[in-house]
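Below is one structure, written out as C-alpha cells; comments come after it.
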Amino acid sequence: MAKLVLLHRADSIYEDVPDQVYDFPRRYLATVEQGVGDWAVYYEPVKAGARGYFAVAKIASVIPKPGADGRFLALVEPGSYLDFDREVPRIRADGRPFESALAAADGSPIVGGAQQLAVRRLPEAEFAEIVRAGLPADLEQIEARRYDPQPAGMAEPPAPFQRPVIERLISRPYRDVAFRRKVREAYDYRCAMSGLRLRNGGGRPEVNAAHIRPVAHQGSDAVWNGLALSGTLHWMFDRGLLSVADDHSILVSHNKVPRDVADRLIVPSGRLVLPADPRARPHPQNLKWHRENVFGQMPLEGPRPWD
C-alpha cells in the first residue's frame, strides 16, 4: 500500500466525484493500484485555483471505466472522504513545498516535472504533515473553546492529546466536528431553509449541520453532502417531511406538515439559501437519494415540534 496525492479540479473534464470516484488514465494505473486500501490527499493544481491540499479519502478499489478504453476509476471507500478544516497551501511559510518530490536540491519549488503528475506517491511523513496542517489534532478542543475560550474553573486549556493521524481520520466524533465546522461556515451560519442566522446569548450559532445522505447509508462527510439547518428543520428533513429538488426548491410533505407551519418556517422564495462557493452546494446525487429514500417515506410518530 502507499499514500497518494490525487490532483482534482472542479471543472475537470473527467468524471471525478471526490467523495466517490477518481477518474484517471492508464499511465497512472500501477501507482493508483499501490494506493488501494490506503489514504490519498486531494490537491488542486495551480491553474485551477488557490486551494492547494483540501481533503483526504481512502481508496477502496480500482476498476476499468465502463465504455472508456484506457481509463480507470478509483472507487473511494464510503464514509472515508473528509474535507480539511483548513486548506493547506502548496508551499510552507519557509518557501519549501510540502512534498519533497516537488522541491529542488536547495528546497525551492520546482516548475513542471513531478508537479504536473495527476497522481503522485506521498511518503508517510509528508502525508501526516499535510493532514495535521489541514485537520489539527485539537480540532475538537478548538471548536469547544470557540464560544467559551476560558471555561469556568479552568486556569488554562489542557494540552491536546496527540491522537495519531489515521486514528483521527476514522474517529466519528472528530469527523462530526470537522463536518459541522465546514458546513456551517459554507452557509455563513445561516439556515438554508429558513434563511435565518440565529445566535444564542453567548454568540453560538443556532444551526446544525445535517447530512443529506446519512453516513450509515454510505453518505460522506463532504460539505456538498451537508445542509445547514435549524433544529426544527433538521428534525423535519431527517424524517422526510422536507426534501430538496434539483433546482434547489424546497419540497414539503403537505399531507404531514400543515401549510401554515411550512409558511412560517421556510424562506418566502421556497428555495434553499445556498453557499457562495458553488463547490459547497448540495450535490444532485445526494439530493436525489434523499428524495427517493427518505422524503415522504418515514412514519411520523410522537410529538411534533410545531404542536
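Going by the C-alpha cells order, chains are called A, B, ..., each with residues numbered from 1, while ligands are numbered from 1 in the order shown.
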From range 76-290 of chain A, collect each residue whose DSSP state is strand (DSSP E) and return the set as a ChimeraX atom specification. /A:76,82-88,119-121,208-211,226-229,242-244,250-252
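Neighbours of Ser269 in chain A closer than or equal to 12 Å, with only C-alpha atoms counted and sequence neighbours fewer than 2 positions away skipped, come out as Ala192, Met193, Ser194, Gly195, His248, Ser249, Ile250, Asp263, Leu265, Ile266, Val267, Arg271, Leu272 and Val273 of chain A.
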Prev. selection, N, CA, C and O atoms, output as a PDB file, in the first residue's frame:
ATOM      1  N   ALA A 192     -30.307  27.033   5.740  1.00  0.00           N
ATOM      2  CA  ALA A 192     -30.531  27.021   4.300  1.00  0.00           C
ATOM      3  C   ALA A 192     -32.005  27.054   3.923  1.00  0.00           C
ATOM      4  O   ALA A 192     -32.348  27.436   2.796  1.00  0.00           O
ATOM      5  N   MET A 193     -32.888  26.661   4.859  1.00  0.00           N
ATOM      6  CA  MET A 193     -34.314  26.611   4.532  1.00  0.00           C
ATOM      7  C   MET A 193     -35.112  27.779   5.097  1.00  0.00           C
ATOM      8  O   MET A 193     -36.091  28.205   4.488  1.00  0.00           O
ATOM      9  N   SER A 194     -34.731  28.284   6.252  1.00  0.00           N
ATOM     10  CA  SER A 194     -35.450  29.429   6.819  1.00  0.00           C
ATOM     11  C   SER A 194     -34.805  30.756   6.435  1.00  0.00           C
ATOM     12  O   SER A 194     -35.450  31.804   6.480  1.00  0.00           O
ATOM     13  N   GLY A 195     -33.526  30.703   6.084  1.00  0.00           N
ATOM     14  CA  GLY A 195     -32.797  31.924   5.762  1.00  0.00           C
ATOM     15  C   GLY A 195     -32.338  32.705   6.971  1.00  0.00           C
ATOM     16  O   GLY A 195     -31.741  33.764   6.835  1.00  0.00           O
ATOM     17  N   HIS A 248     -33.119  23.218  -6.385  1.00  0.00           N
ATOM     18  CA  HIS A 248     -32.968  23.737  -5.016  1.00  0.00           C
ATOM     19  C   HIS A 248     -34.256  24.311  -4.433  1.00  0.00           C
ATOM     20  O   HIS A 248     -34.217  24.993  -3.410  1.00  0.00           O
ATOM     21  N   SER A 249     -35.395  24.017  -5.075  1.00  0.00           N
ATOM     22  CA  SER A 249     -36.660  24.376  -4.435  1.00  0.00           C
ATOM     23  C   SER A 249     -36.941  23.384  -3.316  1.00  0.00           C
ATOM     24  O   SER A 249     -36.583  22.204  -3.404  1.00  0.00           O
ATOM     25  N   ILE A 250     -37.545  23.862  -2.240  1.00  0.00           N
ATOM     26  CA  ILE A 250     -37.796  23.048  -1.048  1.00  0.00           C
ATOM     27  C   ILE A 250     -39.121  22.313  -1.212  1.00  0.00           C
ATOM     28  O   ILE A 250     -40.164  22.924  -1.510  1.00  0.00           O
ATOM     29  N   ASP A 263     -45.235  27.611   5.858  1.00  0.00           N
ATOM     30  CA  ASP A 263     -45.114  29.031   5.509  1.00  0.00           C
ATOM     31  C   ASP A 263     -44.341  29.805   6.565  1.00  0.00           C
ATOM     32  O   ASP A 263     -43.612  30.748   6.228  1.00  0.00           O
ATOM     33  N   LEU A 265     -41.986  28.511   8.607  1.00  0.00           N
ATOM     34  CA  LEU A 265     -40.624  28.013   8.796  1.00  0.00           C
ATOM     35  C   LEU A 265     -39.714  28.199   7.594  1.00  0.00           C
ATOM     36  O   LEU A 265     -38.488  28.294   7.761  1.00  0.00           O
ATOM     37  N   ILE A 266     -40.280  28.232   6.398  1.00  0.00           N
ATOM     38  CA  ILE A 266     -39.466  28.201   5.185  1.00  0.00           C
ATOM     39  C   ILE A 266     -39.376  29.579   4.550  1.00  0.00           C
ATOM     40  O   ILE A 266     -40.334  30.347   4.532  1.00  0.00           O
ATOM     41  N   VAL A 267     -38.202  29.883   4.025  1.00  0.00           N
ATOM     42  CA  VAL A 267     -37.943  31.178   3.397  1.00  0.00           C
ATOM     43  C   VAL A 267     -38.997  31.453   2.318  1.00  0.00           C
ATOM     44  O   VAL A 267     -39.439  30.531   1.618  1.00  0.00           O
ATOM     45  N   ARG A 271     -36.908  28.392  -1.860  1.00  0.00           N
ATOM     46  CA  ARG A 271     -35.691  27.802  -2.398  1.00  0.00           C
ATOM     47  C   ARG A 271     -34.567  27.898  -1.367  1.00  0.00           C
ATOM     48  O   ARG A 271     -34.543  28.818  -0.549  1.00  0.00           O
ATOM     49  N   LEU A 272     -33.645  26.950  -1.427  1.00  0.00           N
ATOM     50  CA  LEU A 272     -32.519  26.969  -0.487  1.00  0.00           C
ATOM     51  C   LEU A 272     -31.733  28.267  -0.587  1.00  0.00           C
ATOM     52  O   LEU A 272     -31.531  28.808  -1.681  1.00  0.00           O
ATOM     53  N   VAL A 273     -31.258  28.725   0.559  1.00  0.00           N
ATOM     54  CA  VAL A 273     -30.254  29.787   0.603  1.00  0.00           C
ATOM     55  C   VAL A 273     -28.899  29.083   0.497  1.00  0.00           C
ATOM     56  O   VAL A 273     -28.478  28.391   1.419  1.00  0.00           O
TER      57      VAL A 273
END
Quick one: everything within 7 Å of Gly134 in chain A, counting only C-alpha atoms, minus sequence neighbours fewer than 4 positions away in the same chain. Send it as a ChimeraX atom specification. /A:84-88,130
Go ahead and save the residues from that selection, with N, CA, C and O atoms, as an mmCIF file, in the first residue's frame.
data_model
loop_
_atom_site.group_PDB
_atom_site.id
_atom_site.type_symbol
_atom_site.label_atom_id
_atom_site.label_comp_id
_atom_site.auth_asym_id
_atom_site.auth_seq_id
_atom_site.Cartn_x
_atom_site.Cartn_y
_atom_site.Cartn_z
ATOM 1 N N PHE A 84 -10.642 19.047 4.515
ATOM 2 C CA PHE A 84 -9.769 19.657 5.513
ATOM 3 C C PHE A 84 -10.485 20.832 6.174
ATOM 4 O O PHE A 84 -11.223 21.574 5.519
ATOM 5 N N ASP A 85 -10.257 20.994 7.456
ATOM 6 C CA ASP A 85 -10.795 22.163 8.149
ATOM 7 C C ASP A 85 -10.127 23.426 7.635
ATOM 8 O O ASP A 85 -10.759 24.474 7.500
ATOM 9 N N ARG A 86 -8.847 23.311 7.342
ATOM 10 C CA ARG A 86 -8.078 24.427 6.790
ATOM 11 C C ARG A 86 -7.405 23.932 5.516
ATOM 12 O O ARG A 86 -6.679 22.942 5.558
ATOM 13 N N GLU A 87 -7.662 24.600 4.415
ATOM 14 C CA GLU A 87 -6.968 24.221 3.194
ATOM 15 C C GLU A 87 -5.473 24.466 3.374
ATOM 16 O O GLU A 87 -5.060 25.468 3.955
ATOM 17 N N VAL A 88 -4.672 23.533 2.896
ATOM 18 C CA VAL A 88 -3.232 23.581 3.131
ATOM 19 C C VAL A 88 -2.543 24.147 1.892
ATOM 20 O O VAL A 88 -2.683 23.583 0.797
ATOM 21 N N ILE A 130 0.825 16.990 6.076
ATOM 22 C CA ILE A 130 -0.244 17.694 5.363
ATOM 23 C C ILE A 130 -1.572 17.539 6.102
ATOM 24 O O ILE A 130 -2.320 18.510 6.286
#
Give me the residues within 9 Å of range 228-243 of chain A as a PyMOL selection string, counting only C-alpha atoms and dropping any in the same chain fewer than 2 places off. chain A and resi 180+183-194+196+198+206-212+226+245+249-254+256-257+265-266+287+290-291+293-300+305-306
Figure out the distance between CA of Val165 in chain A and CA of Ala103 in chain A, please, to one decimal in Å.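 Straight-line distance from CA of Ala103 in chain A to CA of Val165 in chain A works out to 24.2 Å.
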Show me, as a list of chain:residue names, the residues that have an atom within 9 Å of Ile110 in chain A when counting only C-alpha atoms, minus same-chain residues fewer than 5 positions from it.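 Everything that qualifies: A:Pro97, A:Ala101, A:Leu102, A:Ala103, A:Ala104, A:Gln115.
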Quick check, in Å to one decimal: how far apart do CA of Arg9 in chain A and CA of Arg26 in chain A lie?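 Computing the Euclidean distance for CA of Arg9 in chain A and CA of Arg26 in chain A yields 19.1 Å.
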Nearest residue to Ser108 in chain A from the set A:Ala55, A:Leu29, A:Leu122, A:Ala93 (distances using only C-alpha atoms): A:Ala93
With only C-alpha atoms as the atoms that count, which of A:Ala137, A:Val215, A:Ala118, A:Ala276 lies nearest to Ser12 in chain A?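 Using only C-alpha atoms, the shortest distance to Ser12 in chain A belongs to A:Ala118.
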Nearest residue to Tyr22 in chain A out of A:Glu77, A:Asp69, A:Glu167, A:Glu143, using only C-alpha atoms? A:Glu77
Residue with smallest distance to Tyr81 in chain A - pool A:Val5, A:Ile170, A:Ala105, A:Ala262, counting only C-alpha atoms: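 So, comparing all the options, the nearest one is A:Ile170.
Shortest separation to Leu139 in chain A among A:Val223, A:Phe127, A:Val177, A:Arg172 occurs at residue A:Val177, atoms counted being only C-alpha atoms.
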Quick one: pick out all helix (DSSP H, G or I) residues within range 34-228 of chain A from a backbone DSSP run and write them as a ChimeraX atom specification. /A:34,46-48,100-102,113-116,124-134,139-144,165-169,172-186,215-217,223-225
Given the selection you just returned, output its residues as a file containing C-alpha atoms, formatted as a compact mmCIF listing (two decimals), in the first residue's frame.
# COMPACT_ATOMS: atom_id res chain seq x y z
CA GLN A 34 -0.44 0.66 -4.95
CA VAL A 46 -2.22 25.97 -9.54
CA LYS A 47 -4.12 26.74 -12.75
CA ALA A 48 -7.41 25.56 -11.22
CA SER A 100 9.86 16.61 -1.29
CA ALA A 101 9.22 15.40 -4.85
CA LEU A 102 8.28 18.97 -5.78
CA GLY A 113 8.16 17.68 -13.84
CA ALA A 114 6.53 15.85 -10.94
CA GLN A 115 4.34 18.88 -10.23
CA GLN A 116 2.37 18.08 -13.38
CA GLU A 124 4.15 8.66 5.13
CA ALA A 125 5.78 11.56 6.97
CA GLU A 126 4.67 14.08 4.36
CA PHE A 127 1.12 12.68 4.34
CA ALA A 128 0.97 13.05 8.12
CA GLU A 129 2.32 16.61 7.95
CA ILE A 130 -0.24 17.69 5.36
CA VAL A 131 -3.15 16.09 7.26
CA ARG A 132 -2.00 17.64 10.57
CA ALA A 133 -1.96 21.06 8.87
CA GLY A 134 -5.44 20.56 7.41
CA LEU A 139 -9.88 20.45 16.37
CA GLU A 140 -12.48 19.25 18.88
CA GLN A 141 -10.96 21.47 21.59
CA ILE A 142 -10.74 24.40 19.15
CA GLU A 143 -14.46 24.08 18.48
CA ALA A 144 -15.33 23.62 22.16
CA VAL A 165 -3.37 10.90 12.16
CA ILE A 166 -5.20 7.78 10.95
CA GLU A 167 -6.99 7.42 14.27
CA ARG A 168 -8.37 10.93 13.83
CA LEU A 169 -9.47 10.19 10.28
CA ARG A 172 -16.65 9.55 14.34
CA PRO A 173 -16.66 12.32 17.00
CA TYR A 174 -13.69 14.03 15.31
CA ARG A 175 -15.26 13.75 11.87
CA ASP A 176 -18.58 15.12 13.17
CA VAL A 177 -16.83 18.24 14.45
CA ALA A 178 -14.92 18.70 11.17
CA PHE A 179 -18.12 18.23 9.12
CA ARG A 180 -20.12 20.61 11.30
CA ARG A 181 -17.49 23.34 11.07
CA LYS A 182 -17.21 23.12 7.28
CA VAL A 183 -20.97 23.03 6.60
CA ARG A 184 -21.89 25.85 8.95
CA GLU A 185 -19.06 28.01 7.61
CA ALA A 186 -20.08 27.29 4.00
CA VAL A 215 -23.16 8.18 6.73
CA ALA A 216 -24.99 4.99 7.77
CA HIS A 217 -26.32 4.82 4.19
CA VAL A 223 -19.52 19.65 2.60
CA TRP A 224 -21.70 19.06 -0.52
CA ASN A 225 -23.45 16.28 1.39
Rank nothing, just name the residue among A:Arg197, A:Arg96, A:Arg120, A:Arg213 nearest to Gln285 in chain A, using only C-alpha atoms.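 Nearest candidate to Gln285 in chain A out of A:Arg197, A:Arg96, A:Arg120, A:Arg213: A:Arg213.
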